[in-house]
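**Q** Here you go, upload19.tsv (TSV, C-alpha atoms):
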chain	number	residue	atom	x	y	z
J	202	MET	CA	58.44	50.69	110.89
J	203	LYS	CA	58.99	53.19	108.09
J	204	LYS	CA	55.67	54.88	108.84
J	205	GLU	CA	56.68	55.25	112.47
J	206	LEU	CA	60.01	56.78	111.54
J	207	GLU	CA	58.30	59.15	109.11
J	208	HIS	CA	55.81	60.19	111.73
J	209	SER	CA	58.37	60.87	114.44
J	210	PHE	CA	60.58	62.77	111.99
J	211	VAL	CA	57.83	64.99	110.59
J	212	THR	CA	56.50	65.71	114.08
J	213	ASN	CA	59.97	66.63	115.33
J	214	LEU	CA	60.64	68.83	112.33
J	215	GLU	CA	57.25	70.50	112.53
J	216	GLN	CA	57.99	71.48	116.11
J	217	ASN	CA	61.50	72.69	115.36
J	218	GLN	CA	60.99	74.14	111.88
J	219	ASN	CA	61.96	77.63	113.02
J	220	ILE	CA	65.61	76.64	112.99
J	221	VAL	CA	65.43	75.72	109.31
J	222	HIS	CA	63.46	78.84	108.42
J	223	LYS	CA	66.06	80.97	110.12
J	224	VAL	CA	68.89	79.31	108.21
J	225	CYS	CA	66.95	79.94	104.99
J	226	ARG	CA	66.44	83.55	106.02
J	227	ILE	CA	70.18	84.13	106.41
J	228	TYR	CA	71.12	82.39	103.16
J	229	THR	CA	68.36	83.32	100.74
J	230	ASN	CA	66.84	86.56	99.55
J	231	ASP	CA	63.43	85.74	98.17
J	232	PRO	CA	60.55	83.45	99.15
J	233	GLU	CA	61.14	81.06	96.26
J	234	SER	CA	64.77	80.38	97.20
J	235	HIS	CA	63.73	80.19	100.83
J	236	ASN	CA	61.30	77.36	100.02
J	237	ASP	CA	63.82	75.69	97.78
J	238	LEU	CA	66.47	75.61	100.49
J	239	PHE	CA	63.91	74.54	103.10
J	240	GLN	CA	62.98	71.63	100.84
J	241	GLU	CA	66.61	70.53	100.40
J	242	ILE	CA	67.35	70.82	104.12
J	243	THR	CA	64.26	68.73	104.90
J	244	ILE	CA	65.45	66.00	102.52
J	245	GLN	CA	68.94	66.02	104.02
J	246	LEU	CA	67.53	65.90	107.57
J	247	TRP	CA	65.28	63.02	106.59
J	248	LYS	CA	68.17	61.14	104.95
J	249	ALA	CA	70.27	61.51	108.09
J	250	TYR	CA	67.41	60.82	110.50
J	251	PRO	CA	67.74	57.01	110.74
J	252	LYS	CA	71.21	57.58	112.17
J	253	PHE	CA	69.98	60.13	114.69
J	254	ARG	CA	70.41	58.31	117.96
J	255	GLY	CA	69.25	60.99	120.31
J	256	GLU	CA	72.75	61.48	121.69
J	257	SER	CA	72.24	65.15	121.19
J	258	LYS	CA	69.06	67.18	121.19
J	259	PHE	CA	67.07	67.03	117.97
J	260	SER	CA	67.50	70.80	117.61
J	261	THR	CA	71.31	70.66	118.03
J	262	TRP	CA	71.50	67.98	115.38
J	263	MET	CA	69.28	70.10	113.14
J	264	TYR	CA	71.59	73.11	113.33
J	265	ARG	CA	74.42	71.02	111.97
J	266	VAL	CA	72.60	69.36	109.08
J	267	SER	CA	70.78	72.57	108.11
J	268	LEU	CA	73.91	74.69	108.04
J	269	ASN	CA	75.85	71.99	106.19
J	270	THR	CA	73.14	71.88	103.56
J	271	ALA	CA	73.05	75.65	103.18
J	272	ILE	CA	76.83	76.10	103.00
J	273	THR	CA	77.92	72.98	101.18
J	274	LEU	CA	75.22	70.88	99.55
J	275	TYR	CA	72.74	73.39	98.26
J	276	ARG	CA	73.20	74.63	94.72
J	277	LYS	CA	72.32	78.26	94.72
J	278	SER	CA	69.87	79.33	92.09
J	279	LYS	CA	71.14	81.89	89.66
J	280	ARG	CA	68.90	84.65	90.90
J	281	SER	CA	70.80	87.79	91.45
J	282	ILE	CA	70.65	89.36	94.86
J	283	LYS	CA	68.59	92.47	94.81
J	284	THR	CA	68.54	94.76	97.78
J	285	SER	CA	64.82	95.21	97.35
J	286	ASP	CA	64.29	91.48	97.93
J	287	PHE	CA	65.53	91.40	101.47
J	288	ASP	CA	64.05	94.78	102.19
J	289	ALA	CA	60.66	93.28	101.59
J	290	MET	CA	61.38	89.95	103.25
J	291	ASP	CA	63.06	90.86	106.46
J	292	PHE	CA	61.77	94.13	107.66
J	293	LYS	CA	58.18	94.10	108.48
J	294	ILE	CA	58.69	96.06	111.64
J	295	THR	CA	55.92	98.44	112.40
J	296	ALA	CA	56.49	101.93	113.63
J	297	GLU	CA	55.12	101.17	117.06
J	298	GLU	CA	57.67	98.50	117.72
J	299	TYR	CA	60.80	100.53	117.15
J	300	ASP	CA	61.62	104.12	116.88
J	301	ASP	CA	62.97	105.24	113.54
J	302	GLY	CA	66.59	105.32	114.59
J	303	VAL	CA	66.69	101.75	115.87
J	304	GLU	CA	64.67	100.50	112.93
J	305	GLN	CA	67.05	102.12	110.50
J	306	GLN	CA	70.03	100.65	112.33
J	307	LEU	CA	68.56	97.15	112.30
J	308	LYS	CA	67.73	97.45	108.63
J	309	LEU	CA	71.34	98.32	107.87
J	310	MET	CA	72.58	95.51	110.10
J	311	TYR	CA	70.49	92.88	108.31
J	312	ALA	CA	71.62	94.23	104.97
J	313	ALA	CA	75.25	94.07	106.14
J	314	VAL	CA	74.88	90.44	107.25
J	315	LYS	CA	73.58	89.59	103.77
J	316	GLN	CA	76.85	90.83	102.31
J	317	LEU	CA	78.97	88.37	104.29
J	318	ASN	CA	80.31	85.16	102.75
J	319	ASP	CA	78.82	81.72	103.48
J	320	ILE	CA	81.12	80.90	106.39
J	321	GLU	CA	80.75	84.30	108.00
J	322	LYS	CA	76.98	84.02	107.72
J	323	ALA	CA	77.10	80.68	109.53
J	324	LEU	CA	79.13	82.22	112.36
J	325	VAL	CA	76.76	85.17	112.67
J	326	PHE	CA	73.77	82.84	112.55
J	327	LEU	CA	75.07	80.68	115.40
J	328	TYR	CA	75.99	83.79	117.34
J	329	LEU	CA	72.50	85.24	116.89
J	330	GLU	CA	71.10	81.92	118.05
J	331	ASP	CA	73.08	82.41	121.25
J	332	LYS	CA	75.37	79.44	120.74
J	333	SER	CA	78.57	79.23	122.78
J	334	TYR	CA	81.96	79.39	121.05
J	335	LYS	CA	82.40	75.75	121.92
J	336	GLU	CA	79.22	74.83	120.05
J	337	ILE	CA	80.10	77.12	117.13
J	338	ALA	CA	83.54	75.49	116.90
J	339	GLU	CA	82.05	71.98	116.98
J	340	THR	CA	79.43	72.73	114.35
J	341	MET	CA	81.95	74.28	111.99
J	342	GLY	CA	84.72	71.79	112.73
J	343	ILE	CA	87.31	74.35	113.76
J	344	SER	CA	89.08	75.11	117.02
J	345	GLU	CA	87.45	77.32	119.62
J	346	VAL	CA	90.28	79.84	119.29
J	347	ASN	CA	89.73	79.98	115.55
J	348	ALA	CA	86.00	80.44	116.06
J	349	ARG	CA	86.64	83.43	118.34
J	350	VAL	CA	89.18	84.97	115.99
J	351	LYS	CA	86.84	84.51	113.03
J	352	MET	CA	83.90	85.97	114.92
J	353	ASN	CA	85.96	89.04	115.84
J	354	ARG	CA	86.89	89.45	112.20
J	355	VAL	CA	83.26	89.24	111.20
J	356	LYS	CA	82.40	91.93	113.73
J	357	THR	CA	85.11	94.15	112.30
J	358	LYS	CA	83.90	93.45	108.79
J	359	LEU	CA	80.32	94.31	109.73
J	360	LYS	CA	81.54	97.56	111.26
J	361	LYS	CA	83.35	98.40	108.06
J	362	ILE	CA	80.27	97.68	105.95
J	363	LEU	CA	78.16	99.86	108.23
J	364	ASN	CA	80.67	102.72	108.47
J	365	PRO	CA	82.60	102.73	105.23
K	29	MET	CA	79.74	95.47	119.47
K	30	ASP	CA	76.48	97.02	120.52
K	31	GLU	CA	74.87	96.73	117.11
K	32	LEU	CA	75.30	92.97	116.98
K	33	GLU	CA	73.77	92.63	120.43
K	34	LEU	CA	70.86	94.72	119.24
K	35	LEU	CA	70.54	92.50	116.21
K	36	LYS	CA	70.62	89.39	118.39
K	37	LYS	CA	67.76	90.67	120.50
K	38	ASP	CA	65.73	91.56	117.45
K	39	TRP	CA	66.56	88.24	115.75
K	40	GLN	CA	65.30	86.25	118.68
K	41	ASN	CA	62.07	88.21	118.83
K	42	ARG	CA	61.22	87.57	115.21
K	43	ASP	CA	60.13	83.95	115.47
K	44	ALA	CA	56.49	84.83	115.08
K	45	GLU	CA	57.16	86.22	111.59
K	46	LEU	CA	58.64	82.98	110.30
K	47	PRO	CA	56.56	80.82	107.96
K	48	LYS	CA	54.77	77.92	109.57
K	49	LEU	CA	54.51	74.69	107.59
K	50	SER	CA	51.93	72.08	108.45
K	51	TYR	CA	52.60	68.40	109.13
K	52	ASN	CA	51.33	67.49	105.68
K	53	GLU	CA	53.43	70.08	103.91
K	54	ILE	CA	56.57	68.75	105.59
K	55	TYR	CA	55.54	65.18	104.90
K	56	LYS	CA	55.24	65.93	101.18
K	57	MET	CA	58.75	67.37	101.23
K	58	ILE	CA	60.39	64.18	102.46
K	59	LEU	CA	59.02	62.32	99.45
K	60	LYS	CA	60.84	64.60	97.02
K	61	LYS	CA	64.27	64.00	95.53
K	62	SER	CA	67.37	65.84	96.57
K	63	SER	CA	69.22	68.05	94.12
K	64	SER	CA	72.33	68.53	96.21
K	65	ILE	CA	75.83	69.00	94.86
K	66	VAL	CA	76.81	65.59	96.27
K	67	LYS	CA	74.29	63.94	93.99
K	68	TRP	CA	75.68	65.82	90.99
K	69	ILE	CA	79.22	64.91	91.92
K	70	PHE	CA	78.22	61.28	92.23
K	71	PHE	CA	76.57	61.13	88.80
K	72	ILE	CA	79.32	63.04	87.02
K	73	SER	CA	81.94	60.83	88.67
K	74	VAL	CA	80.18	57.63	87.61
K	75	ILE	CA	79.88	58.95	84.04
K	76	GLU	CA	83.58	59.74	84.05
K	77	PHE	CA	84.51	56.28	85.25
K	78	VAL	CA	82.36	54.71	82.54
K	79	LEU	CA	83.66	57.03	79.83
K	80	TRP	CA	87.34	56.76	80.58
K	81	SER	CA	87.36	53.06	81.21
K	82	SER	CA	85.43	52.45	78.00
K	83	ILE	CA	88.22	54.01	75.93
K	84	ASP	CA	90.09	50.77	76.47
K	85	ILE	CA	87.13	48.75	75.20
K	86	ILE	CA	86.74	51.00	72.15
K	87	VAL	CA	90.42	50.60	71.33
K	88	ARG	CA	90.04	46.82	71.64
K	89	LEU	CA	86.91	46.68	69.46
K	90	SER	CA	88.48	48.84	66.78
K	91	GLY	CA	91.15	46.17	66.34
K	92	GLN	CA	94.11	48.20	67.53
K	93	TYR	CA	95.15	45.38	69.82
K	94	ASP	CA	95.29	42.89	66.96
K	95	GLU	CA	97.89	45.09	65.35
K	96	LEU	CA	99.93	44.94	68.53
K	97	GLU	CA	99.87	41.20	68.34
K	98	ILE	CA	101.04	41.26	64.76
K	99	LEU	CA	103.88	43.48	65.85
K	100	GLY	CA	104.86	40.98	68.54
K	101	LEU	CA	103.67	43.03	71.46
K	102	GLU	CA	101.24	40.49	72.97
K	103	GLY	CA	103.04	40.47	76.31
K	104	PHE	CA	102.95	44.26	76.44
K	105	SER	CA	99.26	44.24	75.60
K	106	ILE	CA	98.46	41.78	78.40
K	107	ILE	CA	100.42	43.80	80.96
K	108	THR	CA	98.73	47.07	80.00
K	109	THR	CA	95.30	45.42	80.19
K	110	ILE	CA	95.92	44.07	83.67
K	111	LEU	CA	97.33	47.41	84.79
K	112	SER	CA	94.50	49.51	83.39
K	113	TYR	CA	91.82	47.34	85.01
K	114	GLY	CA	93.80	47.28	88.24
K	115	ILE	CA	93.90	51.07	88.24
K	116	LEU	CA	90.17	51.25	87.49
K	117	ILE	CA	89.20	48.87	90.31
K	118	TYR	CA	91.49	50.58	92.80
K	119	PHE	CA	89.98	53.98	92.08
K	120	ILE	CA	86.38	52.77	92.07
K	121	VAL	CA	86.90	51.24	95.52
K	122	ARG	CA	88.52	54.43	96.81
K	123	PHE	CA	85.76	56.53	95.30
K	124	TYR	CA	83.10	54.36	96.93
K	125	ILE	CA	84.75	54.56	100.36
K	126	ASN	CA	85.12	58.33	100.09
K	127	TYR	CA	81.55	58.71	98.91
K	128	LYS	CA	80.23	56.65	101.80
K	129	ASN	CA	82.13	58.92	104.20
K	130	ILE	CA	80.07	61.95	103.21
K	131	GLN	CA	77.77	62.60	106.16
K	132	THR	CA	75.74	65.73	106.68
K	133	THR	CA	75.94	65.11	110.41
K	134	ASP	CA	79.70	65.74	110.41
K	135	SER	CA	81.05	69.17	111.17
K	136	ALA	CA	81.14	71.59	108.23
K	137	SER	CA	84.88	71.25	107.70
K	138	VAL	CA	84.89	67.44	107.78
K	139	LEU	CA	81.95	67.33	105.38
K	140	MET	CA	83.64	69.68	102.93
K	141	LYS	CA	86.90	67.77	103.14
K	142	ASN	CA	85.15	64.46	102.43
K	143	ILE	CA	83.32	65.85	99.40
K	144	LEU	CA	86.52	67.37	98.03
K	145	ASN	CA	88.34	64.07	98.60
K	146	THR	CA	85.69	62.18	96.65
K	147	ARG	CA	86.12	64.56	93.76
K	148	LYS	CA	89.89	64.32	94.02
K	149	THR	CA	89.76	60.55	93.64
K	150	VAL	CA	87.98	60.84	90.28
K	151	LYS	CA	90.34	63.57	89.16
K	152	GLN	CA	93.34	61.41	90.04
K	153	TYR	CA	91.83	58.47	88.18
K	154	VAL	CA	91.30	60.54	85.06
K	155	TRP	CA	94.84	61.92	85.08
K	156	ILE	CA	96.46	58.61	85.80
K	157	ASN	CA	94.36	57.05	83.07
K	158	ILE	CA	95.29	59.74	80.54
K	159	GLY	CA	98.94	59.48	81.55
K	160	PHE	CA	98.78	55.74	81.20
K	161	LEU	CA	97.19	55.95	77.75
K	162	ALA	CA	99.71	58.55	76.61
K	163	LEU	CA	102.61	56.46	77.88
K	164	THR	CA	101.47	53.24	76.22
K	165	THR	CA	100.79	55.07	72.96
K	166	LEU	CA	104.26	56.56	73.07
K	167	ILE	CA	105.88	53.21	73.83
K	168	VAL	CA	104.07	51.60	70.90
K	169	ILE	CA	105.06	54.42	68.54
K	170	LEU	CA	108.68	54.25	69.64
K	171	TYR	CA	108.68	50.48	69.37
K	172	MET	CA	107.22	50.65	65.90
K	173	ALA	CA	109.73	53.28	64.87
K	174	PHE	CA	112.85	51.59	66.15
K	175	TYR	CA	112.14	47.89	66.21
K	176	THR	CA	109.82	47.29	63.28
K	177	ASP	CA	109.69	48.45	59.72
K	178	ALA	CA	106.12	49.69	60.00
K	179	TYR	CA	107.17	53.31	59.48
K	180	THR	CA	110.29	52.85	57.41
K	181	ASN	CA	108.33	50.95	54.78
K	182	GLN	CA	105.76	53.68	54.45
K	183	SER	CA	108.06	56.60	54.73
K	184	THR	CA	110.65	55.61	52.15
K	185	ASP	CA	108.48	56.84	49.30
K	186	GLN	CA	107.49	60.05	50.99
K	187	ASN	CA	110.77	60.59	52.79
K	188	ILE	CA	109.33	61.33	56.19
K	189	PRO	CA	112.06	60.96	58.77
K	190	ILE	CA	111.31	58.95	61.91
K	191	TYR	CA	112.05	61.78	64.31
K	192	LEU	CA	109.39	63.87	62.60
K	193	ILE	CA	106.83	61.13	63.18
K	194	ILE	CA	107.82	60.90	66.83
K	195	ILE	CA	107.77	64.66	67.37
K	196	THR	CA	104.39	64.95	65.65
K	197	SER	CA	102.97	62.15	67.81
K	198	ILE	CA	104.23	63.80	70.98
K	199	LEU	CA	102.83	67.14	69.86
K	200	VAL	CA	99.42	65.68	69.05
K	201	LEU	CA	99.37	63.90	72.41
K	202	GLY	CA	100.44	67.09	74.17
K	203	ILE	CA	97.72	69.16	72.51
K	204	PHE	CA	95.12	66.50	73.31
K	205	ILE	CA	96.12	66.42	76.98
K	206	GLY	CA	96.29	70.22	77.15
K	207	MET	CA	92.77	70.56	75.80
K	208	LEU	CA	91.50	67.98	78.24
K	209	ALA	CA	93.16	69.85	81.09
K	210	LEU	CA	91.41	73.03	80.02
K	211	LEU	CA	88.05	71.31	79.77
K	212	TYR	CA	88.57	69.77	83.18
K	213	ARG	CA	89.45	73.06	84.79
K	214	LEU	CA	86.17	74.47	83.53
K	215	VAL	CA	84.04	71.51	84.62
K	216	TYR	CA	85.70	71.18	88.01
K	217	GLY	CA	85.65	74.89	88.50
K	218	MET	CA	81.91	74.93	88.11
K	219	LEU	CA	81.38	71.93	90.36
K	220	THR	CA	83.61	72.71	93.28
K	221	ARG	CA	84.52	76.39	93.13
K	222	ARG	CA	82.18	77.45	95.91
K	223	LEU	CA	83.02	74.41	98.02
K	224	LYS	CA	86.75	75.02	97.73
K	225	LYS	CA	86.35	78.68	98.56
K	226	ASN	CA	84.31	77.91	101.66
K	227	TYR	CA	86.71	75.20	102.78
K	228	GLN	CA	89.68	77.53	102.46
K	229	GLU	CA	87.80	80.27	104.27
K	230	LEU	CA	86.98	77.89	107.10
K	231	LYS	CA	90.50	76.52	107.37
K	232	LYS	CA	92.13	79.94	107.37
K	233	LEU	CA	94.09	80.40	110.62
K	234	GLU	CA	93.60	76.75	111.49
K	235	VAL	CA	96.90	75.10	112.43
Go ahead and render the structure in this file as structure tokens.

**A**
Amino acid sequence: MKKELEHSFVTNLEQNQNIVHKVCRIYTNDPESHNDLFQEITIQLWKAYPKFRGESKFSTWMYRVSLNTAITLYRKSKRSIKTSDFDAMDFKITAEEYDDGVEQQLKLMYAAVKQLNDIEKALVFLYLEDKSYKEIAETMGISEVNARVKMNRVKTKLKKILNP
Amino acid sequence: MDELELLKKDWQNRDAELPKLSYNEIYKMILKKSSSIVKWIFFISVIEFVLWSSIDIIVRLSGQYDELEILGLEGFSIITTILSYGILIYFIVRFYINYKNIQTTDSASVLMKNILNTRKTVKQYVWINIGFLALTTLIVILYMAFYTDAYTNQSTDQNIPIYLIIITSILVLGIFIGMLALLYRLVYGMLTRRLKKNYQELKKLEV
């Protein structure tokens, strides 16, 4: 019984691991922290898995547990955030893919997102993942109106970071 | 905002760059132990319950209660014992219920609220316990001062007036509680600062 549960969980997670990696990418700045957070999210997902009844999609359920772990349960390591860390991690775009202007803009955008607080990062993450305001509101446990207002504030804040 | 749309497009095209863990690597991860804040909170809370409730036992073992009996305060001693264990049991049950409510599958705000509530229960227990200890100590001191000759006998030679004894006791108690409060602010600050900040940030605007 336990073996079966383990097998179905690991298979499911293996197929959907991108979601967790993306959460780690938003919340951490170096490969070591990335792995650390991935590990903790995996444990939390596994702990919650016996109660996963398939009422929602496995991926939807994963968004919730992963974000909860990143925002609330995970104890951040004391590493200081260095700009060079995310420069190296996030921007491996080659010159053929983007012209210089766009590449530069994206670089600045990613750097700006890294400066947001935990809650704002979660909102941006769900937005980037193309989630509806209804889903964002449900995941965060706030009203849809509040989710929209908060998202607009984040957009304004990002603008300010980009054009001080 | 055009930039965010641009970012969204880029974000969704980056999946190929993400690390890819194998079945075995993920399997190894589920065998490891969690180091989440909830676990820390649980252990620290249990330690606090043990520590604070054991003060009563230490006081008993050191023979302080025998003195109460000599003074004719047996009834008082029985009442305080029942009360302090009642308080302890009540808070342990509440702590357990709150702790069981912590589910990572809840929404972020419900999860944060449940964790903060769990912590609050322990905090309340500690303060009520300290208050209770301070109050009983004070009652015993006052009783000894006004209804027995425990102090008057000793103080006649040295001429220490009763009010001075009472004021000193209150001061010592006050300083003790003040220092505890400071220590607690530091410990709690470290444990729940980020959580509180995030919860407030999330609840902002929420009616």

**Q** For a quick check of understanding, using all atoms listed in the file, which of K:Leu233, K:Val138, K:Leu111, K:Ile86 has the smallest distance to J:Thr340?

**A**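 Among the listed residues, K:Val138 lies closest to J:Thr340.
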
**Q** Hey, which of K:Asp84, K:Asp43, K:Glu97, K:Asp30 ends up closest to chain J? Count all atoms listed in the file.

**A** K:Asp43

**Q** Which value, in Å to one decimal, gives the distance between atom CA of J:Glu241 and atom CA of J:Val224?

**A**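 Going from atom CA of J:Glu241 over to atom CA of J:Val224, I get 12.0 Å.
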
**Q** Mind giving me the straight-line distance from atom CA of K:Leu230 to atom CA of J:Leu268 in Å, one decimal?

**A**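 According to the coordinates, atom CA of K:Leu230 and atom CA of J:Leu268 are separated by 13.5 Å.
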
**Q** Any chance you could tabulate, as JSON lines, the residues of chain K at most 9 Å from chain J with each one's nearest atom pair and distance in Å to one decimal, using all atoms listed in the file, in chain and rising number order?

**A**
{"residue": "K:Met29", "atom": "CA", "partner": "J:Lys356", "partner_atom": "CA", "distance": 7.2}
{"residue": "K:Glu31", "atom": "CA", "partner": "J:Met310", "partner_atom": "CA", "distance": 7.5}
{"residue": "K:Leu32", "atom": "CA", "partner": "J:Met310", "partner_atom": "CA", "distance": 7.8}
{"residue": "K:Glu33", "atom": "CA", "partner": "J:Leu329", "partner_atom": "CA", "distance": 8.3}
{"residue": "K:Leu34", "atom": "CA", "partner": "J:Leu307", "partner_atom": "CA", "distance": 7.7}
{"residue": "K:Leu35", "atom": "CA", "partner": "J:Leu307", "partner_atom": "CA", "distance": 6.4}
{"residue": "K:Lys36", "atom": "CA", "partner": "J:Leu329", "partner_atom": "CA", "distance": 4.8}
{"residue": "K:Lys37", "atom": "CA", "partner": "J:Leu329", "partner_atom": "CA", "distance": 8.1}
{"residue": "K:Asp38", "atom": "CA", "partner": "J:Leu307", "partner_atom": "CA", "distance": 8.1}
{"residue": "K:Trp39", "atom": "CA", "partner": "J:Leu329", "partner_atom": "CA", "distance": 6.8}
{"residue": "K:Gln40", "atom": "CA", "partner": "J:Glu330", "partner_atom": "CA", "distance": 7.3}
{"residue": "K:Asp43", "atom": "CA", "partner": "J:Asn219", "partner_atom": "CA", "distance": 7.0}
{"residue": "K:Glu45", "atom": "CA", "partner": "J:Lys293", "partner_atom": "CA", "distance": 8.5}
{"residue": "K:Leu46", "atom": "CA", "partner": "J:His222", "partner_atom": "CA", "distance": 6.6}
{"residue": "K:Pro47", "atom": "CA", "partner": "J:His222", "partner_atom": "CA", "distance": 7.2}
{"residue": "K:Lys48", "atom": "CA", "partner": "J:Gln218", "partner_atom": "CA", "distance": 7.6}
{"residue": "K:Leu49", "atom": "CA", "partner": "J:Glu215", "partner_atom": "CA", "distance": 7.0}
{"residue": "K:Ser50", "atom": "CA", "partner": "J:Glu215", "partner_atom": "CA", "distance": 6.9}
{"residue": "K:Tyr51", "atom": "CA", "partner": "J:Glu215", "partner_atom": "CA", "distance": 6.1}
{"residue": "K:Asn52", "atom": "CA", "partner": "J:Val211", "partner_atom": "CA", "distance": 8.5}
{"residue": "K:Ile54", "atom": "CA", "partner": "J:Val211", "partner_atom": "CA", "distance": 6.4}
{"residue": "K:Tyr55", "atom": "CA", "partner": "J:Val211", "partner_atom": "CA", "distance": 6.1}
{"residue": "K:Met57", "atom": "CA", "partner": "J:Gln240", "partner_atom": "CA", "distance": 6.0}
{"residue": "K:Ile58", "atom": "CA", "partner": "J:Ile244", "partner_atom": "CA", "distance": 5.4}
{"residue": "K:Leu59", "atom": "CA", "partner": "J:Ile244", "partner_atom": "CA", "distance": 8.0}
{"residue": "K:Lys60", "atom": "CA", "partner": "J:Ile244", "partner_atom": "CA", "distance": 7.3}
{"residue": "K:Lys61", "atom": "CA", "partner": "J:Ile244", "partner_atom": "CA", "distance": 7.4}
{"residue": "K:Ser62", "atom": "CA", "partner": "J:Glu241", "partner_atom": "CA", "distance": 6.1}
{"residue": "K:Ser63", "atom": "CA", "partner": "J:Glu241", "partner_atom": "CA", "distance": 7.2}
{"residue": "K:Ser64", "atom": "CA", "partner": "J:Leu274", "partner_atom": "CA", "distance": 5.0}
{"residue": "K:Ile65", "atom": "CA", "partner": "J:Leu274", "partner_atom": "CA", "distance": 5.1}
{"residue": "K:Val66", "atom": "CA", "partner": "J:Leu274", "partner_atom": "CA", "distance": 6.4}
{"residue": "K:Lys67", "atom": "CA", "partner": "J:Leu274", "partner_atom": "CA", "distance": 8.9}
{"residue": "K:Gln131", "atom": "CA", "partner": "J:Ala249", "partner_atom": "CA", "distance": 7.8}
{"residue": "K:Thr132", "atom": "CA", "partner": "J:Val266", "partner_atom": "CA", "distance": 5.4}
{"residue": "K:Thr133", "atom": "CA", "partner": "J:Val266", "partner_atom": "CA", "distance": 5.6}
{"residue": "K:Asp134", "atom": "CA", "partner": "J:Arg265", "partner_atom": "CA", "distance": 7.6}
{"residue": "K:Ser135", "atom": "CA", "partner": "J:Gly342", "partner_atom": "CA", "distance": 4.8}
{"residue": "K:Ala136", "atom": "CA", "partner": "J:Met341", "partner_atom": "CA", "distance": 4.7}
{"residue": "K:Ser137", "atom": "CA", "partner": "J:Gly342", "partner_atom": "CA", "distance": 5.1}
{"residue": "K:Val138", "atom": "CA", "partner": "J:Gly342", "partner_atom": "CA", "distance": 6.6}
{"residue": "K:Leu139", "atom": "CA", "partner": "J:Asn269", "partner_atom": "CA", "distance": 7.7}
{"residue": "K:Met140", "atom": "CA", "partner": "J:Thr273", "partner_atom": "CA", "distance": 6.8}
{"residue": "K:Arg222", "atom": "CA", "partner": "J:Thr273", "partner_atom": "CA", "distance": 8.1}
{"residue": "K:Leu223", "atom": "CA", "partner": "J:Thr273", "partner_atom": "CA", "distance": 6.2}
{"residue": "K:Asn226", "atom": "CA", "partner": "J:Ile320", "partner_atom": "CA", "distance": 6.4}
{"residue": "K:Tyr227", "atom": "CA", "partner": "J:Ile320", "partner_atom": "CA", "distance": 8.8}
{"residue": "K:Glu229", "atom": "CA", "partner": "J:Ile320", "partner_atom": "CA", "distance": 7.0}
{"residue": "K:Leu230", "atom": "CA", "partner": "J:Ile320", "partner_atom": "CA", "distance": 6.6}
{"residue": "K:Lys231", "atom": "CA", "partner": "J:Ile343", "partner_atom": "CA", "distance": 7.5}
{"residue": "K:Lys232", "atom": "CA", "partner": "J:Asn347", "partner_atom": "CA", "distance": 8.5}
{"residue": "K:Leu233", "atom": "CA", "partner": "J:Asn347", "partner_atom": "CA", "distance": 6.6}
{"residue": "K:Glu234", "atom": "CA", "partner": "J:Asn347", "partner_atom": "CA", "distance": 6.5}

**Q** In Å to one decimal, how far is atom CA of J:Ile362 from atom CA of J:Lys322?

**A** 14.2 Å

**Q** Within 8 Å of (87.7, 64.2, 88.1) (coordinates as in the file), grab all the protein and nucleic acid residues, counting all atoms listed in the file, and write them out as a PyMOL selection string.

**A** chain K and resi 73+76+147-154+212+216

**Q** Env of K:Ile194: 9 Å cut, atoms = only C-alpha atoms, seq-sep filter 3 positions within chain, self excluded. Answer as number ranges by chain.

**A** K: 166, 169-170, 173, 190-191, 197-199

**Q** Enclose stretch 342-357 of chain J, meaning all of its atoms listed in the file, in a box aligned along x, y and z, pad it by 4 Å on each side, and list the centre and edge lengths in Å to one decimal, as lines of an AutoDock Vina configuration file.

**A**
center_x = 86.3
center_y = 83.0
center_z = 115.4
size_x = 15.9
size_y = 30.4
size_z = 16.4

**Q** With distances taken over all atoms listed in the file, which of K:Phe123, K:Phe77, K:Tyr171, K:Phe104 is nearest to K:Leu144?

**A** K:Phe123
